[in-house]
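Visitor: My structure is below; once you've seen it, I'll send some questions.
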Amino acid sequence: MTSDLIATSRFLSYVLRHNPSAIGATLDDSGWISIDGLLAAATGHGRDINRETLDRIVNATGKRRFEIRGEQIRAAQGHSIPVDLGLDPRQPPALLYHGTVQRFLQRILAEGLKPGERTHVHLSADPATAAAVGARRGRPVILAIQAAALHRSGQQFYRAANGVWLTSHVSPEWIRLHIQD
Ligand code: HQG
């Protein structure tokens, strides 16, 4: 994507995950908003985004941050505002991965992974994706999460439309350092 498209994508992520009222928009309980309503609200707040630009962002290869259903759009994951994505609980694979950085490690190993500002802890299906997530903050440190065992212990897991796994928290006993070969 061009830098303009990346900036617009970031803006849409911010609105649809964290702050729809920044442009006077309202999401439904599941995080959806009509595409026309979103574009009109953005334009009304000085961000002139047309449908073609939106489609290019939604269809760009990579993270697939946005979901379209009919004439509505939402962020696939990453919310801090309370939304019920309506995802069915699923059996996770044996291991999932979390990318972080060294400075958080001691706390994570002591108190577990917490969702922080977001509604869920975000986990990746493979170490390479987790490395990219961690690399947003510095040199990545990858954690392997014993997801199937944690699920067996009674905790629910969900998979967002773009393949990101979501769960409420991960206590330290299920976390191991993943050493890349
Ligand atoms: C860390 C991006 C201290 C955690 C990504 C992370 C993902 C703790 C940071 C999605 C902690 C939270 C989510 C604890 C967790 N003590 N630090 N107990 N528990 N942390 O951004 O997982 O590009 O809220 O390791 O790709 O980094 O925006 O979560 O470093 O899918 O589409 O606290 O966001 O997607 O950071 O990223 P975040 P995340 P997008």
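Just remember, in the structure tokens the first chain shown is A, the second B, etc., residues are 1-based per chain, and ligands are 1-based in the order shown.
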Got a sec: who's within 12 Å of Ala128 in chain A, counting only C-alpha atoms, leaving out chain neighbours fewer than 5 positions off, as number ranges by chain?
Guide: A: 96-99, 123, 133-135, 140-144, 178-181
Visitor: Could you write out the selected residues, including C-alpha atoms, as a JSON list (two decimals), in the first residue's frame?
Guide:
[["chain", "number", "residue", "atom", "x", "y", "z"],
["A", 96, "LEU", "CA", -0.39, -20.30, 19.59],
["A", 97, "TYR", "CA", 2.17, -17.48, 19.68],
["A", 98, "HIS", "CA", 2.41, -14.00, 21.09],
["A", 99, "GLY", "CA", 4.91, -11.42, 19.93],
["A", 123, "LEU", "CA", -2.45, -14.50, 19.67],
["A", 133, "VAL", "CA", 3.48, -8.19, 15.94],
["A", 134, "GLY", "CA", 6.33, -7.90, 18.45],
["A", 135, "ALA", "CA", 8.50, -5.99, 15.96],
["A", 140, "PRO", "CA", 10.59, -9.14, 19.00],
["A", 141, "VAL", "CA", 10.41, -11.77, 21.70],
["A", 142, "ILE", "CA", 8.11, -14.68, 20.86],
["A", 143, "LEU", "CA", 6.10, -16.57, 23.44],
["A", 144, "ALA", "CA", 4.56, -19.98, 22.78],
["A", 178, "HIS", "CA", 9.87, -19.61, 21.97],
["A", 179, "ILE", "CA", 13.43, -19.72, 20.71],
["A", 180, "GLN", "CA", 13.62, -19.26, 16.95],
["A", 181, "ASP", "CA", 15.94, -21.54, 15.06]]
Visitor: If you count only C-alpha atoms and all ligand atoms, which residues end up within 6 Å of ligand 1, as a PyMOL selection string?
Guide: chain A and resi 65+78+100+104+107-108+111-114+116-118+122+133
Visitor: Generate a file of the selected residues that holds C-alpha atoms, formatted as a compact mmCIF listing (two decimals), in the first residue's frame.
Guide:
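Result went into again35.txt, see below:
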# COMPACT_ATOMS: atom_id res chain seq x y z
CA ARG A 65 -8.05 -5.79 9.39
CA GLY A 78 -8.21 -5.19 17.96
CA THR A 100 6.13 -8.93 22.49
CA PHE A 104 7.43 -6.51 29.00
CA ARG A 107 5.79 -8.80 33.98
CA ILE A 108 4.25 -11.18 31.47
CA GLU A 111 1.33 -12.04 35.86
CA GLY A 112 0.51 -13.55 32.48
CA LEU A 113 -0.73 -11.93 29.28
CA LYS A 114 -3.38 -9.31 29.94
CA GLY A 116 -4.48 -4.16 28.43
CA GLU A 117 -6.47 -1.55 26.54
CA ARG A 118 -8.05 -4.12 24.24
CA HIS A 122 -4.27 -11.33 20.71
CA VAL A 133 3.48 -8.19 15.94
Visitor: Could you produce a table of the residues of range 45-138 of chain A lying within 8 Å of range 149-165 of chain A, with the nearest pair of atoms per residue and their separation in Å rounded to one decimal, using only C-alpha atoms, ordered by chain and increasing residue number, as JSON lines?
Guide:
{"residue": "A:Lys63", "atom": "CA", "partner": "A:Asn162", "partner_atom": "CA", "distance": 6.8}
{"residue": "A:Arg64", "atom": "CA", "partner": "A:Asn162", "partner_atom": "CA", "distance": 5.6}
{"residue": "A:Arg65", "atom": "CA", "partner": "A:Asn162", "partner_atom": "CA", "distance": 6.8}
{"residue": "A:Glu67", "atom": "CA", "partner": "A:Ala161", "partner_atom": "CA", "distance": 7.3}
{"residue": "A:Ala76", "atom": "CA", "partner": "A:Ala161", "partner_atom": "CA", "distance": 5.9}
{"residue": "A:Gln77", "atom": "CA", "partner": "A:Ala160", "partner_atom": "CA", "distance": 6.3}
{"residue": "A:Leu87", "atom": "CA", "partner": "A:Tyr158", "partner_atom": "CA", "distance": 6.2}
{"residue": "A:Asp88", "atom": "CA", "partner": "A:Tyr158", "partner_atom": "CA", "distance": 6.4}
{"residue": "A:Pro89", "atom": "CA", "partner": "A:Tyr158", "partner_atom": "CA", "distance": 4.9}
{"residue": "A:Arg90", "atom": "CA", "partner": "A:Tyr158", "partner_atom": "CA", "distance": 5.5}
{"residue": "A:Gln91", "atom": "CA", "partner": "A:Phe157", "partner_atom": "CA", "distance": 6.8}
{"residue": "A:Pro92", "atom": "CA", "partner": "A:Phe157", "partner_atom": "CA", "distance": 6.6}
{"residue": "A:Ala94", "atom": "CA", "partner": "A:Ala149", "partner_atom": "CA", "distance": 7.2}
{"residue": "A:His122", "atom": "CA", "partner": "A:Trp165", "partner_atom": "CA", "distance": 5.8}
{"residue": "A:Leu123", "atom": "CA", "partner": "A:Trp165", "partner_atom": "CA", "distance": 4.9}
{"residue": "A:Ser124", "atom": "CA", "partner": "A:Val164", "partner_atom": "CA", "distance": 5.6}
{"residue": "A:Ala125", "atom": "CA", "partner": "A:Val164", "partner_atom": "CA", "distance": 7.1}
Visitor: Could those residues be written to a file, using C-alpha atoms, as a PDB file, in the first residue's frame?
Guide:
ATOM      1  CA  LYS A  63      -3.520  -8.346   7.832  1.00  0.00           C
ATOM      2  CA  ARG A  64      -7.135  -8.136   6.560  1.00  0.00           C
ATOM      3  CA  ARG A  65      -8.046  -5.792   9.388  1.00  0.00           C
ATOM      4  CA  GLU A  67     -14.534  -7.220   7.372  1.00  0.00           C
ATOM      5  CA  ALA A  76     -12.041  -7.831  12.456  1.00  0.00           C
ATOM      6  CA  GLN A  77     -10.264  -7.542  15.834  1.00  0.00           C
ATOM      7  CA  LEU A  87     -17.496 -15.297  17.201  1.00  0.00           C
ATOM      8  CA  ASP A  88     -18.128 -18.924  18.098  1.00  0.00           C
ATOM      9  CA  PRO A  89     -15.717 -20.410  20.636  1.00  0.00           C
ATOM     10  CA  ARG A  90     -13.252 -22.735  18.909  1.00  0.00           C
ATOM     11  CA  GLN A  91     -10.729 -25.375  19.701  1.00  0.00           C
ATOM     12  CA  PRO A  92      -7.284 -23.791  19.259  1.00  0.00           C
ATOM     13  CA  ALA A  94      -1.750 -27.074  20.439  1.00  0.00           C
ATOM     14  CA  HIS A 122      -4.272 -11.329  20.712  1.00  0.00           C
ATOM     15  CA  LEU A 123      -2.449 -14.495  19.666  1.00  0.00           C
ATOM     16  CA  SER A 124      -0.962 -15.529  16.324  1.00  0.00           C
ATOM     17  CA  ALA A 125      -1.187 -18.891  14.614  1.00  0.00           C
TER      18      ALA A 125
END
Visitor: Would you list, as JSON, numbers by chain, the residues of range 12-179 of chain A that end up in helix (DSSP H, G or I) under DSSP run on this structure's backbone?
Guide: {"A": [12, 13, 14, 15, 16, 17, 18, 20, 21, 22, 23, 35, 36, 37, 38, 39, 40, 41, 42, 43, 44, 51, 52, 53, 54, 55, 56, 57, 58, 59, 102, 103, 104, 105, 106, 107, 108, 109, 110, 111, 127, 128, 129, 130, 131, 132, 133, 134, 147, 148, 149, 150, 151, 152, 172, 173, 174]}
Visitor: As a list in words, please: the residues near Arg51 in chain A (cut-off 10 Å, only C-alpha atoms, same-chain neighbours under 2 positions excluded).
Guide: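 Here the qualifying residues turn out to be Ile35, Asp36, Leu39, Ile49, Thr53, Leu54, Asp55, Arg56 and Ile57 of chain A.
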Visitor: Enumerate the residues of range 35-113 of chain A with a DSSP assignment of strand (DSSP E), computed from the backbone, and present them as a VMD selection string.
Guide: chain A and resid 66 to 69 72 to 75 95 to 101
Visitor: Save the residues we just selected, N, CA, C and O atoms, as a PDB file, in the first residue's frame?
Guide:
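Below is the file again_6.pdb, written as the result:
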ATOM      1  N   PHE A  66     -10.128  -5.429   8.196  1.00  0.00           N
ATOM      2  CA  PHE A  66     -11.540  -5.041   8.112  1.00  0.00           C
ATOM      3  C   PHE A  66     -12.356  -6.138   7.448  1.00  0.00           C
ATOM      4  O   PHE A  66     -11.887  -6.835   6.557  1.00  0.00           O
ATOM      5  N   GLU A  67     -13.593  -6.240   7.922  1.00  0.00           N
ATOM      6  CA  GLU A  67     -14.534  -7.220   7.372  1.00  0.00           C
ATOM      7  C   GLU A  67     -15.684  -6.477   6.736  1.00  0.00           C
ATOM      8  O   GLU A  67     -16.195  -5.515   7.340  1.00  0.00           O
ATOM      9  N   ILE A  68     -16.118  -6.903   5.569  1.00  0.00           N
ATOM     10  CA  ILE A  68     -17.311  -6.318   4.958  1.00  0.00           C
ATOM     11  C   ILE A  68     -18.390  -7.387   4.906  1.00  0.00           C
ATOM     12  O   ILE A  68     -18.115  -8.545   4.582  1.00  0.00           O
ATOM     13  N   ARG A  69     -19.599  -7.003   5.285  1.00  0.00           N
ATOM     14  CA  ARG A  69     -20.751  -7.901   5.219  1.00  0.00           C
ATOM     15  C   ARG A  69     -21.878  -7.084   4.598  1.00  0.00           C
ATOM     16  O   ARG A  69     -22.349  -6.126   5.217  1.00  0.00           O
ATOM     17  N   GLN A  72     -22.100  -3.242   5.111  1.00  0.00           N
ATOM     18  CA  GLN A  72     -21.536  -2.825   6.393  1.00  0.00           C
ATOM     19  C   GLN A  72     -20.065  -3.212   6.506  1.00  0.00           C
ATOM     20  O   GLN A  72     -19.599  -4.136   5.819  1.00  0.00           O
ATOM     21  N   ILE A  73     -19.379  -2.521   7.385  1.00  0.00           N
ATOM     22  CA  ILE A  73     -17.959  -2.798   7.622  1.00  0.00           C
ATOM     23  C   ILE A  73     -17.699  -2.792   9.124  1.00  0.00           C
ATOM     24  O   ILE A  73     -18.395  -2.108   9.880  1.00  0.00           O
ATOM     25  N   ARG A  74     -16.689  -3.580   9.556  1.00  0.00           N
ATOM     26  CA  ARG A  74     -16.206  -3.489  10.936  1.00  0.00           C
ATOM     27  C   ARG A  74     -14.730  -3.876  10.962  1.00  0.00           C
ATOM     28  O   ARG A  74     -14.205  -4.473  10.002  1.00  0.00           O
ATOM     29  N   ALA A  75     -14.071  -3.571  12.084  1.00  0.00           N
ATOM     30  CA  ALA A  75     -12.717  -4.078  12.304  1.00  0.00           C
ATOM     31  C   ALA A  75     -12.834  -5.544  12.708  1.00  0.00           C
ATOM     32  O   ALA A  75     -13.711  -5.911  13.493  1.00  0.00           O
ATOM     33  N   LEU A  95      -0.401 -25.124  19.979  1.00  0.00           N
ATOM     34  CA  LEU A  95       0.358 -23.923  20.342  1.00  0.00           C
ATOM     35  C   LEU A  95      -0.138 -22.708  19.568  1.00  0.00           C
ATOM     36  O   LEU A  95      -0.435 -22.805  18.371  1.00  0.00           O
ATOM     37  N   LEU A  96      -0.230 -21.596  20.242  1.00  0.00           N
ATOM     38  CA  LEU A  96      -0.395 -20.297  19.588  1.00  0.00           C
ATOM     39  C   LEU A  96       0.796 -19.444  20.033  1.00  0.00           C
ATOM     40  O   LEU A  96       1.536 -19.833  20.948  1.00  0.00           O
ATOM     41  N   TYR A  97       0.971 -18.278  19.421  1.00  0.00           N
ATOM     42  CA  TYR A  97       2.168 -17.485  19.680  1.00  0.00           C
ATOM     43  C   TYR A  97       1.791 -16.040  19.981  1.00  0.00           C
ATOM     44  O   TYR A  97       0.773 -15.538  19.498  1.00  0.00           O
ATOM     45  N   HIS A  98       2.629 -15.405  20.772  1.00  0.00           N
ATOM     46  CA  HIS A  98       2.413 -13.996  21.092  1.00  0.00           C
ATOM     47  C   HIS A  98       3.735 -13.269  20.917  1.00  0.00           C
ATOM     48  O   HIS A  98       4.742 -13.666  21.506  1.00  0.00           O
ATOM     49  N   GLY A  99       3.706 -12.213  20.147  1.00  0.00           N
ATOM     50  CA  GLY A  99       4.913 -11.415  19.929  1.00  0.00           C
ATOM     51  C   GLY A  99       4.926 -10.221  20.848  1.00  0.00           C
ATOM     52  O   GLY A  99       3.953  -9.458  20.914  1.00  0.00           O
ATOM     53  N   THR A 100       6.015 -10.075  21.590  1.00  0.00           N
ATOM     54  CA  THR A 100       6.133  -8.930  22.489  1.00  0.00           C
ATOM     55  C   THR A 100       7.574  -8.438  22.446  1.00  0.00           C
ATOM     56  O   THR A 100       8.310  -8.747  21.497  1.00  0.00           O
ATOM     57  N   VAL A 101       7.985  -7.668  23.439  1.00  0.00           N
ATOM     58  CA  VAL A 101       9.369  -7.189  23.504  1.00  0.00           C
ATOM     59  C   VAL A 101       9.921  -7.434  24.909  1.00  0.00           C
ATOM     60  O   VAL A 101       9.169  -7.588  25.869  1.00  0.00           O
TER      61      VAL A 101
END
Visitor: Nearest to Leu109 in chain A: which of A:Val58, A:Ile175, A:Ala148, A:Ala42 is it, counting only C-alpha atoms?
Guide: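 Closest residue, counting only C-alpha atoms: A:Ile175.
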Visitor: Could you name the residues that touch His18 in chain A at 6 Å or less, counting only C-alpha atoms, but leaving out those on the same chain fewer than 4 positions away, as number ranges by chain?
Guide: A: 14, 79-81
Visitor: Restrict the selected residues to N, CA, C and O atoms and save them as a short mmCIF file (atom, residue, chain, number, x, y, z; two decimals), in the first residue's frame.
Guide:
data_model
loop_
_atom_site.label_atom_id
_atom_site.label_comp_id
_atom_site.auth_asym_id
_atom_site.auth_seq_id
_atom_site.Cartn_x
_atom_site.Cartn_y
_atom_site.Cartn_z
N TYR A 14 -8.39 3.14 13.84
CA TYR A 14 -8.62 3.94 15.05
C TYR A 14 -10.11 4.17 15.27
O TYR A 14 -10.64 3.96 16.37
N HIS A 79 -10.25 -4.35 19.01
CA HIS A 79 -11.06 -3.30 19.64
C HIS A 79 -10.63 -2.99 21.07
O HIS A 79 -10.21 -3.88 21.81
N SER A 80 -10.80 -1.73 21.44
CA SER A 80 -10.76 -1.38 22.87
C SER A 80 -12.16 -1.02 23.34
O SER A 80 -12.44 -1.16 24.53
N ILE A 81 -13.03 -0.56 22.46
CA ILE A 81 -14.42 -0.33 22.88
C ILE A 81 -15.12 -1.68 22.96
O ILE A 81 -14.79 -2.61 22.21
#
Visitor: Find the residue from A:Gly62, A:Gly46, A:Phe11, A:Asp28 that sits nearest to Thr129 in chain A; use only C-alpha atoms when measuring.
Guide: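 For Thr129 in chain A, the nearest of the given residues is A:Gly62.
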Visitor: Could you jot down the CA of Glu173 in chain A to CA of Ala131 in chain A separation for me, Å, one decimal place?
Guide: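 That distance, rounded to one decimal, is 21.4 Å.
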Visitor: Please, what distance in Å, to one decimal, runs between CA of Thr2 in chain A and CA of Ala60 in chain A?
Guide: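 CA of Ala60 in chain A lies at a distance of 10.8 Å from CA of Thr2 in chain A.
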Visitor: What is the CA of Gln102 in chain A to CA of Trp174 in chain A distance in Å?
Guide: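 Answer for the CA of Gln102 in chain A to CA of Trp174 in chain A separation: 18.2 Å.
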